$ cat input-v6.cif   # mmCIF, C-alpha atoms
data_input
loop_
_atom_site.label_atom_id
_atom_site.label_comp_id
_atom_site.auth_asym_id
_atom_site.auth_seq_id
_atom_site.Cartn_x
_atom_site.Cartn_y
_atom_site.Cartn_z
CA MET M 1 75.55 8.39 37.11
CA LYS M 2 73.53 11.30 35.75
CA MET M 3 74.95 14.71 36.51
CA ALA M 4 71.48 16.13 37.22
CA ASP M 5 70.95 13.55 39.99
CA LEU M 6 74.31 14.42 41.54
CA ILE M 7 73.35 18.09 41.60
CA ASP M 8 70.05 17.20 43.25
CA GLY M 9 72.04 15.43 45.94
CA ASN M 10 74.43 18.29 46.52
CA PRO M 11 73.65 21.66 44.94
CA TYR M 12 77.14 22.93 45.82
CA LEU M 13 78.28 20.92 42.82
CA LEU M 14 76.92 23.77 40.71
CA LEU M 15 79.79 25.81 42.01
CA MET M 16 82.14 23.08 40.91
CA LEU M 17 80.60 23.00 37.43
CA GLN M 18 81.04 26.74 37.21
CA HIS M 19 84.68 26.50 38.22
CA PHE M 20 85.14 23.88 35.49
CA SER M 21 83.32 26.23 33.06
CA ILE M 22 80.61 23.64 32.52
CA ASP M 23 77.12 24.95 31.71
CA PHE M 24 74.37 24.19 34.21
CA ARG M 25 72.04 22.73 31.57
CA VAL M 26 73.46 19.26 31.93
CA SER M 27 70.53 17.56 30.18
CA ASP M 28 70.49 13.84 30.80
CA HIS M 29 74.23 13.50 30.50
CA THR M 30 76.16 11.12 32.63
CA VAL M 31 79.34 12.31 34.29
CA LEU M 32 81.42 10.53 31.68
CA GLN M 33 79.51 12.10 28.79
CA LEU M 34 79.84 15.52 30.33
CA CYS M 35 83.56 15.06 30.90
CA ASN M 36 84.08 13.95 27.32
CA GLN M 37 82.08 16.88 26.04
CA TYR M 38 84.21 19.36 27.99
CA GLY M 39 87.50 17.52 27.60
CA ILE M 40 88.03 16.90 31.31
CA SER M 41 89.36 13.61 32.61
CA GLU M 42 86.71 11.71 34.49
CA GLN M 43 89.15 10.84 37.24
CA LEU M 44 89.93 14.48 37.93
CA PHE M 45 86.27 15.43 37.82
CA ILE M 46 85.30 12.69 40.25
CA SER M 47 88.20 13.44 42.58
CA ILE M 48 87.07 17.04 42.94
CA ALA M 49 83.37 16.11 43.12
CA ASN M 50 84.25 13.78 45.98
CA LEU M 51 85.84 16.67 47.85
CA TYR M 52 82.61 18.65 47.40
CA ASN M 53 80.67 15.63 48.62
CA GLY M 54 82.75 15.39 51.73
CA SER M 55 84.99 12.44 51.03
CA GLY M 56 88.71 12.71 50.59
CA ILE M 57 91.01 12.05 47.68
CA ARG M 58 91.80 8.38 47.45
CA GLY M 59 95.37 8.77 46.36
CA GLU M 60 94.49 8.35 42.71
CA ARG M 61 97.42 10.27 41.46
CA PRO M 62 99.24 10.77 39.25
CA PHE M 63 97.17 13.23 37.33
CA THR M 64 98.38 14.14 33.89
CA ARG M 65 99.88 17.48 32.98
CA LYS M 66 96.72 18.34 31.16
CA ASP M 67 94.76 17.57 34.32
CA MET M 68 96.98 19.89 36.29
CA LEU M 69 96.47 22.74 33.84
CA GLN M 70 92.75 22.24 34.24
CA VAL M 71 93.10 22.27 38.00
CA ILE M 72 94.85 25.61 37.73
CA ASP M 73 92.03 26.95 35.54
CA PHE M 74 89.58 25.64 38.08
CA LEU M 75 91.37 27.42 40.92
CA LYS M 76 91.61 30.64 38.92
CA SER M 77 87.90 30.51 38.27
CA SER M 78 87.22 30.09 41.98
CA HIS M 79 89.41 33.13 42.62
CA ASP M 80 87.10 35.14 40.40
CA TYR M 81 84.15 33.79 42.34
CA TYR M 82 85.68 35.05 45.59
CA ARG M 83 86.85 38.35 44.17
CA PHE M 84 83.85 39.39 42.14
CA ASP M 85 80.96 37.51 43.70
CA LYS M 86 81.21 36.24 47.24
CA TYR M 87 83.33 38.84 48.99
CA PRO M 88 81.54 41.82 47.40
CA GLN M 89 78.22 40.24 48.40
CA ILE M 90 79.35 39.86 52.00
CA SER M 91 80.76 43.35 51.91
CA ASP M 92 77.36 44.69 50.78
CA TYR M 93 75.54 42.91 53.58
CA ILE M 94 77.94 44.21 56.19
CA ARG M 95 77.65 47.75 54.83
CA GLN M 96 73.85 47.55 54.95
CA LEU M 97 74.00 46.18 58.45
CA GLN M 98 76.28 48.99 59.48
CA GLU M 99 73.91 51.55 57.95
CA ASN M 100 70.90 50.04 59.73
CA HIS M 101 72.51 49.95 63.13
CA PRO M 102 74.39 52.77 64.75
CA GLU M 103 76.45 50.52 67.03
CA LYS M 104 80.08 51.37 66.71
CA GLU M 105 81.09 47.72 66.79
CA LEU M 106 79.57 47.36 63.36
CA LYS M 107 81.70 50.15 62.02
CA LEU M 108 84.70 48.31 63.39
CA LEU M 109 83.40 45.08 61.93
CA GLU M 110 83.17 46.70 58.52
CA LYS M 111 86.71 47.94 58.89
CA PHE M 112 87.80 44.47 59.98
CA PHE M 113 86.13 42.99 56.93
CA ASN M 114 87.56 45.52 54.49
CA GLU M 115 91.07 44.93 55.73
CA TYR M 116 90.49 41.22 55.56
CA PHE M 117 89.13 41.48 52.03
CA SER M 118 92.20 43.36 50.85
CA GLU M 119 94.45 40.72 52.41
CA VAL M 120 92.48 38.09 50.53
CA ARG M 121 92.79 40.02 47.28
CA GLU M 122 96.52 40.26 47.81
CA HIS M 123 96.78 36.54 48.37
CA LEU M 124 94.69 35.73 45.31
CA ALA M 125 96.81 38.04 43.19
CA TYR M 126 99.93 36.36 44.50
CA GLU M 127 98.62 32.97 43.46
CA ASP M 128 97.47 34.20 40.08
CA GLU M 129 100.64 36.10 39.31
CA VAL M 130 103.35 34.07 41.00
CA ALA M 131 102.26 30.63 42.02
CA PHE M 132 100.17 29.52 39.07
CA PRO M 133 102.56 30.76 36.38
CA TYR M 134 105.29 28.87 38.17
CA PHE M 135 103.25 25.69 38.09
CA ILE M 136 102.41 26.25 34.45
CA THR M 137 106.09 26.62 33.58
CA LEU M 138 106.82 23.52 35.57
CA LEU M 139 104.16 21.62 33.69
CA GLY M 140 105.11 22.98 30.28
CA ASN M 141 108.63 21.69 30.00
CA GLY M 142 111.63 20.51 31.86
CA GLU M 143 113.50 23.79 31.72
CA GLN M 144 115.64 24.16 34.74
CA ASP M 145 116.92 27.73 34.36
CA ASN M 146 115.81 30.39 36.77
CA ARG M 147 114.21 27.72 38.70
CA ARG M 148 112.48 29.17 41.68
CA GLU M 149 112.19 27.15 44.81
CA ILE M 150 108.82 25.53 44.74
CA TYR M 151 107.10 27.26 47.52
CA SER M 152 106.35 24.67 50.07
CA SER M 153 102.93 23.41 50.88
CA LYS M 154 103.56 24.95 54.28
CA GLU M 155 103.76 28.44 52.83
CA TYR M 156 100.57 27.71 51.00
CA SER M 157 98.68 26.45 53.99
CA ASP M 158 99.93 29.29 56.20
CA HIS M 159 98.29 31.75 53.85
CA HIS M 160 95.10 29.78 53.81
CA THR M 161 94.94 29.25 57.53
CA ASP M 162 95.07 33.02 57.80
CA ILE M 163 92.22 33.52 55.39
CA GLU M 164 90.06 30.88 57.01
CA LEU M 165 90.95 32.06 60.50
CA LYS M 166 89.68 35.60 60.03
CA LEU M 167 86.54 34.30 58.42
CA LYS M 168 85.93 32.22 61.53
CA ASP M 169 86.52 35.29 63.69
CA LEU M 170 83.92 37.16 61.69
CA LYS M 171 81.40 34.37 62.13
CA ASN M 172 82.09 34.03 65.85
CA LEU M 173 81.82 37.76 66.43
CA LEU M 174 78.39 37.76 64.80
CA LEU M 175 77.22 34.54 66.39
CA LYS M 176 78.45 35.12 69.89
CA TYR M 177 79.34 38.66 70.71
CA ILE M 178 78.10 41.63 68.72
CA LYS M 179 74.62 42.56 69.81
CA ILE M 180 72.36 43.55 66.92
CA ASP M 181 68.62 44.02 67.26
CA ASN M 182 66.39 42.24 64.76
CA ASP M 183 67.27 42.55 61.08
CA LEU M 184 67.15 38.79 60.88
CA ASP M 185 66.67 38.63 57.11
CA LEU M 186 69.79 40.56 56.41
CA ARG M 187 71.78 38.78 59.08
CA ARG M 188 70.71 35.35 57.85
CA LYS M 189 71.76 36.25 54.31
CA LEU M 190 75.08 37.40 55.64
CA PHE M 191 75.56 34.17 57.57
CA MET M 192 74.63 32.01 54.60
CA SER M 193 77.13 33.88 52.44
CA LEU M 194 79.83 33.45 55.05
CA TYR M 195 79.15 29.72 55.25
CA GLU M 196 79.11 29.32 51.47
CA LEU M 197 82.38 31.15 51.24
CA GLU M 198 83.89 29.11 54.03
CA PHE M 199 82.88 25.89 52.32
CA ASP M 200 84.34 26.82 48.96
CA LEU M 201 87.54 28.14 50.51
CA TYR M 202 87.89 24.86 52.31
CA ILE M 203 87.53 22.84 49.11
CA HIS M 204 89.86 25.25 47.38
CA SER M 205 92.67 24.61 49.83
CA LEU M 206 91.99 20.88 49.77
CA ILE M 207 92.45 20.89 46.00
CA GLU M 208 95.69 22.81 46.31
CA GLU M 209 97.01 20.68 49.12
CA THR M 210 95.94 17.24 47.93
CA ILE M 211 96.14 17.61 44.16
CA LEU M 212 98.12 20.60 42.98
CA ILE M 213 101.07 20.65 45.33
CA PRO M 214 101.72 16.88 45.54
CA SER M 215 101.59 16.65 41.77
CA GLY M 216 103.87 19.66 41.45
CA ILE M 217 106.36 18.01 43.75
CA ASP M 218 106.12 14.76 41.77
CA ILE M 219 106.92 16.59 38.58
CA GLU M 220 109.80 18.44 40.20
CA ARG M 221 111.26 15.20 41.40
CA GLU M 222 110.84 13.63 38.01
CA GLN M 223 112.76 16.51 36.46
CA GLY M 224 115.36 16.19 39.20
CA MET B 225 69.71 17.04 77.41
CA ILE B 226 72.69 19.10 76.46
CA LYS B 227 75.45 18.83 78.98
CA SER B 228 76.93 22.02 80.23
CA GLY B 229 80.45 20.99 79.39
CA ARG B 230 83.36 19.49 81.11
CA LEU B 231 84.03 20.06 84.80
CA HIS B 232 87.46 21.15 85.84
CA ILE B 233 88.40 19.70 89.18
CA ALA B 234 91.62 20.47 91.01
CA ILE B 235 92.98 18.19 93.72
CA LEU B 236 95.20 19.86 96.29
CA GLU B 237 96.82 17.04 98.20
CA SER B 238 100.48 16.28 98.64
CA SER B 239 100.01 12.52 99.00
CA LYS B 240 100.41 10.93 95.59
CA ILE B 241 98.45 7.87 96.63
CA ILE B 242 95.42 9.84 97.76
CA CYS B 243 95.59 12.10 94.69
CA GLU B 244 95.86 9.15 92.38
CA GLY B 245 92.97 7.41 94.16
CA ILE B 246 90.59 10.36 93.93
CA GLN B 247 91.53 10.94 90.31
CA THR B 248 90.76 7.32 89.48
CA VAL B 249 87.39 7.50 91.20
CA LEU B 250 86.51 10.63 89.22
CA TYR B 251 87.67 9.31 85.88
CA GLN B 252 85.80 6.05 86.36
CA SER B 253 82.57 7.82 87.27
CA ASP B 254 80.15 9.17 84.70
CA MET B 255 81.22 12.75 85.42
CA ASP B 256 82.73 14.47 82.42
CA CYS B 257 85.68 16.03 84.12
CA ARG B 258 89.29 17.00 83.81
CA VAL B 259 91.47 16.64 86.88
CA HIS B 260 94.35 18.97 87.74
CA ARG B 261 96.71 17.83 90.46
CA LEU B 262 98.35 20.33 92.76
CA ASP B 263 101.02 19.88 95.39
CA ALA B 264 100.74 23.18 97.16
CA LEU B 265 98.44 26.15 97.53
CA ASP B 266 100.68 28.37 95.42
CA ASP B 267 100.15 26.05 92.46
CA LEU B 268 96.43 26.71 92.77
CA THR B 269 96.76 30.46 92.27
CA GLU B 270 98.84 29.89 89.19
CA LEU B 271 96.38 27.35 87.80
CA LEU B 272 93.41 29.63 88.39
CA ASP B 273 95.09 32.33 86.33
CA ASN B 274 94.80 30.11 83.32
CA GLN B 275 91.98 27.74 83.93
CA PRO B 276 88.67 28.33 85.68
CA ILE B 277 88.18 25.55 88.21
CA ASP B 278 84.71 24.33 89.13
CA ILE B 279 85.58 22.25 92.15
CA LEU B 280 88.64 22.22 94.35
CA ILE B 281 89.18 19.08 96.40
CA ALA B 282 91.63 19.88 99.16
CA ASN B 283 93.34 18.46 102.14
CA PRO B 284 92.42 21.07 104.79
CA VAL B 285 95.92 20.81 106.22
CA GLN B 286 96.96 22.86 103.21
CA PHE B 287 94.78 25.71 104.46
CA VAL B 288 96.31 25.90 107.93
CA ASN B 289 97.57 29.43 108.66
CA ARG B 290 96.60 30.52 105.17
CA GLU B 291 92.94 31.26 105.81
CA LYS B 292 93.28 34.83 104.56
CA GLU B 293 94.64 33.65 101.23
CA ILE B 294 91.84 31.15 100.81
CA GLN B 295 89.26 33.81 101.53
CA LYS B 296 90.84 36.03 98.93
CA ILE B 297 90.75 33.23 96.38
CA ARG B 298 87.10 32.53 97.17
CA ARG B 299 86.20 36.16 96.65
CA ARG B 300 88.07 36.29 93.40
CA TYR B 301 86.70 33.01 92.05
CA PRO B 302 83.20 32.80 93.54
CA SER B 303 82.13 30.08 91.13
CA MET B 304 84.69 27.63 92.48
CA ALA B 305 83.33 25.24 95.12
CA ILE B 306 85.63 23.65 97.68
CA ALA B 307 85.34 20.09 98.95
CA GLY B 308 87.49 19.15 101.92
CA ILE B 309 88.91 15.73 102.56
CA ASP B 310 87.99 14.88 106.15
CA PHE B 311 90.83 13.10 107.90
CA GLY B 312 88.93 13.04 111.14
CA MET B 313 90.63 16.19 112.34
CA MET B 314 87.94 18.68 111.50
CA HIS B 315 85.86 19.29 114.54
CA LYS B 316 83.98 22.35 113.57
CA PRO B 317 82.52 23.13 110.16
CA SER B 318 84.80 25.53 108.35
CA THR B 319 83.50 28.45 106.34
CA LEU B 320 86.29 27.84 103.89
CA ILE B 321 84.86 24.52 102.79
CA ASP B 322 81.49 23.78 101.18
CA ILE B 323 81.32 20.03 101.80
CA THR B 324 83.52 17.30 103.19
CA PHE B 325 83.96 13.61 102.58
CA THR B 326 86.21 10.99 104.12
CA LEU B 327 88.49 8.56 102.36
CA TYR B 328 86.29 5.75 103.62
CA ASP B 329 83.13 7.00 101.91
CA SER B 330 81.87 4.91 99.02
CA THR B 331 82.91 6.17 95.60
CA GLU B 332 79.24 6.63 94.64
CA HIS B 333 78.71 8.85 97.65
CA ILE B 334 81.73 11.02 96.82
CA VAL B 335 80.77 11.40 93.18
CA GLN B 336 77.20 12.27 94.16
CA LEU B 337 78.40 14.91 96.61
CA LEU B 338 80.61 16.50 93.97
CA GLN B 339 77.84 16.48 91.39
CA LYS B 340 75.50 18.23 93.82
CA LEU B 341 78.21 20.72 94.57
CA ASP B 342 78.59 21.44 90.89
CA GLN B 343 74.87 22.03 90.46
CA LYS B 344 74.96 24.42 93.36
CA SER B 345 77.84 26.38 91.96
CA GLN B 346 76.10 26.59 88.62
CA SER B 347 72.95 28.06 90.09
CA GLN B 348 75.04 30.94 91.34
CA PRO B 349 75.84 33.71 88.94
CA ASN B 350 78.69 31.87 87.43
CA GLU B 351 80.19 34.07 84.81
CA LYS B 352 82.36 36.77 86.17
CA GLY B 353 81.15 39.73 84.17
CA GLY B 354 80.26 37.31 81.41
CA GLU B 355 83.70 37.35 79.81
CA GLU B 356 83.51 33.69 78.72
CA ASN B 357 85.22 33.16 82.06
CA LEU B 358 88.34 34.99 81.07
CA THR B 359 90.44 35.31 84.17
CA LYS B 360 91.44 38.70 85.50
CA ARG B 361 94.94 38.14 84.14
CA GLU B 362 93.63 37.23 80.73
CA ILE B 363 91.55 40.39 80.65
CA GLU B 364 94.66 42.39 81.51
CA VAL B 365 96.61 40.71 78.72
CA LEU B 366 93.72 41.23 76.30
CA THR B 367 93.55 44.91 77.17
CA GLY B 368 97.23 45.33 76.45
CA LEU B 369 96.88 43.39 73.26
CA VAL B 370 94.04 45.43 71.79
CA ASN B 371 95.87 48.60 72.75
CA GLY B 372 98.60 47.50 70.40
CA MET B 373 101.15 46.48 73.00
CA LEU B 374 103.76 43.89 72.07
CA ASN B 375 104.11 40.67 74.04
CA LYS B 376 107.26 42.02 75.63
CA GLU B 377 105.54 45.24 76.69
CA ILE B 378 102.63 43.34 78.18
CA ALA B 379 105.02 41.03 80.00
CA ASP B 380 106.91 43.99 81.48
CA ALA B 381 103.75 45.85 82.45
CA LEU B 382 102.26 42.86 84.22
CA ASN B 383 105.56 41.61 85.56
CA ILE B 384 105.22 38.17 83.98
CA SER B 385 107.32 36.32 81.42
CA ILE B 386 106.75 36.56 77.67
CA HIS B 387 106.11 32.87 77.73
CA THR B 388 103.23 33.41 80.14
CA VAL B 389 101.82 36.19 77.95
CA VAL B 390 101.84 33.83 75.00
CA ARG B 391 100.08 31.19 77.06
CA HIS B 392 97.43 33.69 78.13
CA ARG B 393 96.92 34.73 74.51
CA LYS B 394 96.38 31.13 73.50
CA ASN B 395 93.83 30.68 76.25
CA ILE B 396 92.03 33.89 75.34
CA SER B 397 91.66 32.73 71.74
CA MET B 398 90.59 29.29 72.84
CA LYS B 399 87.91 30.61 75.15
CA THR B 400 86.54 33.32 72.87
CA GLY B 401 86.96 31.57 69.52
CA ILE B 402 88.54 34.77 68.19
CA ARG B 403 92.10 34.51 66.92
CA SER B 404 93.05 37.70 65.13
CA GLN B 405 94.01 40.85 66.95
CA SER B 406 91.45 43.02 65.16
CA GLY B 407 88.77 40.44 65.92
CA LEU B 408 89.74 40.51 69.58
CA THR B 409 89.44 44.30 69.58
CA ILE B 410 85.82 44.01 68.50
CA TYR B 411 85.28 41.32 71.09
CA ALA B 412 86.73 43.50 73.83
CA ILE B 413 84.47 46.39 72.85
CA SER B 414 81.37 44.18 72.67
CA LYS B 415 82.19 42.95 76.14
CA LYS B 416 82.93 46.47 77.33
CA ILE B 417 86.40 45.44 78.42
CA ILE B 418 87.67 48.50 76.61
CA SER B 419 85.79 51.55 75.52
CA ILE B 420 85.27 52.36 71.89
CA GLU B 421 86.79 55.81 72.46
CA ASP B 422 90.12 54.08 73.01
CA ILE B 423 90.16 52.92 69.43
CA ASP B 424 90.52 55.10 66.37
CA ILE B 425 88.18 54.07 63.62
#
$ encode --input "input-v6.cif" --output "structure tokens"
Amino acid sequence: MKMADLIDGNPYLLLMLQHFSIDFRVSDHTVLQLCNQYGISEQLFISIANLYNGSGIRGERPFTRKDMLQVIDFLKSSHDYYRFDKYPQISDYIRQLQENHPEKELKLLEKFFNEYFSEVREHLAYEDEVAFPYFITLLGNGEQDNRREIYSSKEYSDHHTDIELKLKDLKNLLLKYIKIDNDLDLRRKLFMSLYELEFDLYIHSLIEETILIPSGIDIEREQG
Amino acid sequence: MIKSGRLHIAILESSKIICEGIQTVLYQSDMDCRVHRLDALDDLTELLDNQPIDILIANPVQFVNREKEIQKIRRRYPSMAIAGIDFGMMHKPSTLIDITFTLYDSTEHIVQLLQKLDQKSQSQPNEKGGEENLTKREIEVLTGLVNGMLNKEIADALNISIHTVVRHRKNISMKTGIRSQSGLTIYAISKKIISIEDIDI
């Protein structure tokens, strides 16, 4: 299968390429060629592409340690996308909206968003600084000293539910309750950004919950 | 055509056999409905606190000597229609009941009557103040919540159990689609349930 055709079918795959640090000029390369060129296992690539295309993981574990390190890089890259691209973009739209409309609800909405954004940043930092290094240590060797409890997938998903929950609130407030006159261009852009973010966050937690954590637990068990 | 959503029908009848029978008729019809079974009038008040009811099917015996209460309920929940089961004892049309049917009517007839009743109740201004049909109790809980009160404080203020407060909160989130407290604050302001002056920005 040619990568260019896959992108035609689902442009969100561009986001995936970016998270894998693969350039968008994919020429006429097939998926396999591209994977070889970038040193990514085809199985891992296809597993994640399937998530983006809406089908689940077919239990094709185990992934190798090298795969897992790449998954972590992938997740880190998506953190940067949230931190430096998507959230600031949404923040800009909301600020503009607030400037265009004197309604006090929008001021509150901006406050709501800013608080939400800082919670998200905190969570991302936690993953970058605590969770991922832990996984990397786990993957690197069998050292058992100072072994931290692997934080459970529950702790993980609790965090995520929170992040996705407030995003839903934001969407519902704008779709159902806050009255804003006109400004459809700006509001549509804001909505599209919110939906894009929601989609990538969803894939992000799927990757953590169906690939990263199960594999981490496998490795832990292996090391006893 | 987009359907307007599921009908909530309460049956107030102490006979299990009759209750069961009506429920079966409803569930086997093409009405999209959810049936709530009640033994006594007091159960109705409690149910209405949590769940808006579109149609109440009642044995009129339950209303005897409690007309005042029924009138109060009708005023408070104007969108709820009441269908009475006619046991052959009702000689004059009651103002407390919108329609009646007997247990010997064909199932088609009963379902048709109820569907008409629903259409009628929908043509009336249905939403109480437009609050996604939040009940009065839910609005009280929401107000406490956005004013930063704890569950315990809300429970004490409203004289209900913490458990009930939690249940109200769940229902509020379900109905509005808003889960976080700060989101609910914005909701409450948009709906003018609280005034913006009450909140420090």
$ resolve_selection --input "input-v6.cif" --expression "the PyMOL selection byres ((chain M) within 12 of (chain B))" --output "number ranges by chain"
M: 103-116, 161-180
$ resolve_selection --input "input-v6.cif" --expression "the PyMOL selection byres ((chain B and resi 366-375) around 7)" --output "PyMOL selection string"
chain B and resi 362-365+376-379+386+389+405+408-409+418
$ write_last_selection --input "input-v6.cif" --atoms "C-alpha atoms" --output "PDB file, in the coordinates of the input"
ATOM      1  CA  GLU B 362      93.630  37.230  80.730  1.00  0.00           C
ATOM      2  CA  ILE B 363      91.550  40.390  80.650  1.00  0.00           C
ATOM      3  CA  GLU B 364      94.660  42.390  81.510  1.00  0.00           C
ATOM      4  CA  VAL B 365      96.610  40.710  78.720  1.00  0.00           C
ATOM      5  CA  LYS B 376     107.260  42.020  75.630  1.00  0.00           C
ATOM      6  CA  GLU B 377     105.540  45.240  76.690  1.00  0.00           C
ATOM      7  CA  ILE B 378     102.630  43.340  78.180  1.00  0.00           C
ATOM      8  CA  ALA B 379     105.020  41.030  80.000  1.00  0.00           C
ATOM      9  CA  ILE B 386     106.750  36.560  77.670  1.00  0.00           C
ATOM     10  CA  VAL B 389     101.820  36.190  77.950  1.00  0.00           C
ATOM     11  CA  GLN B 405      94.010  40.850  66.950  1.00  0.00           C
ATOM     12  CA  LEU B 408      89.740  40.510  69.580  1.00  0.00           C
ATOM     13  CA  THR B 409      89.440  44.300  69.580  1.00  0.00           C
ATOM     14  CA  ILE B 418      87.670  48.500  76.610  1.00  0.00           C
TER      15      ILE B 418
END
$ residues_around --input "input-v6.cif" --residues "Leu34 of chain M" --least-positions-apart "2" --cutoff "12 Å" --atoms "all atoms listed in the file" --output "ChimeraX atom specification"
/M:1-4,17,20-32,36-42,45-46
$ resolve_selection --input "input-v6.cif" --expression "the PyMOL selection byres ((chain B and resi 264) around 12)" --output "number ranges by chain"
B: 234-239, 261-263, 265-271, 282-288, 290
$ closest_residue --input "input-v6.cif" --among "M:Glu122, M:Asp73, M:Asp80, M:Asp181" --to "Leu97 of chain M" --atoms "only C-alpha atoms"
M:Asp181
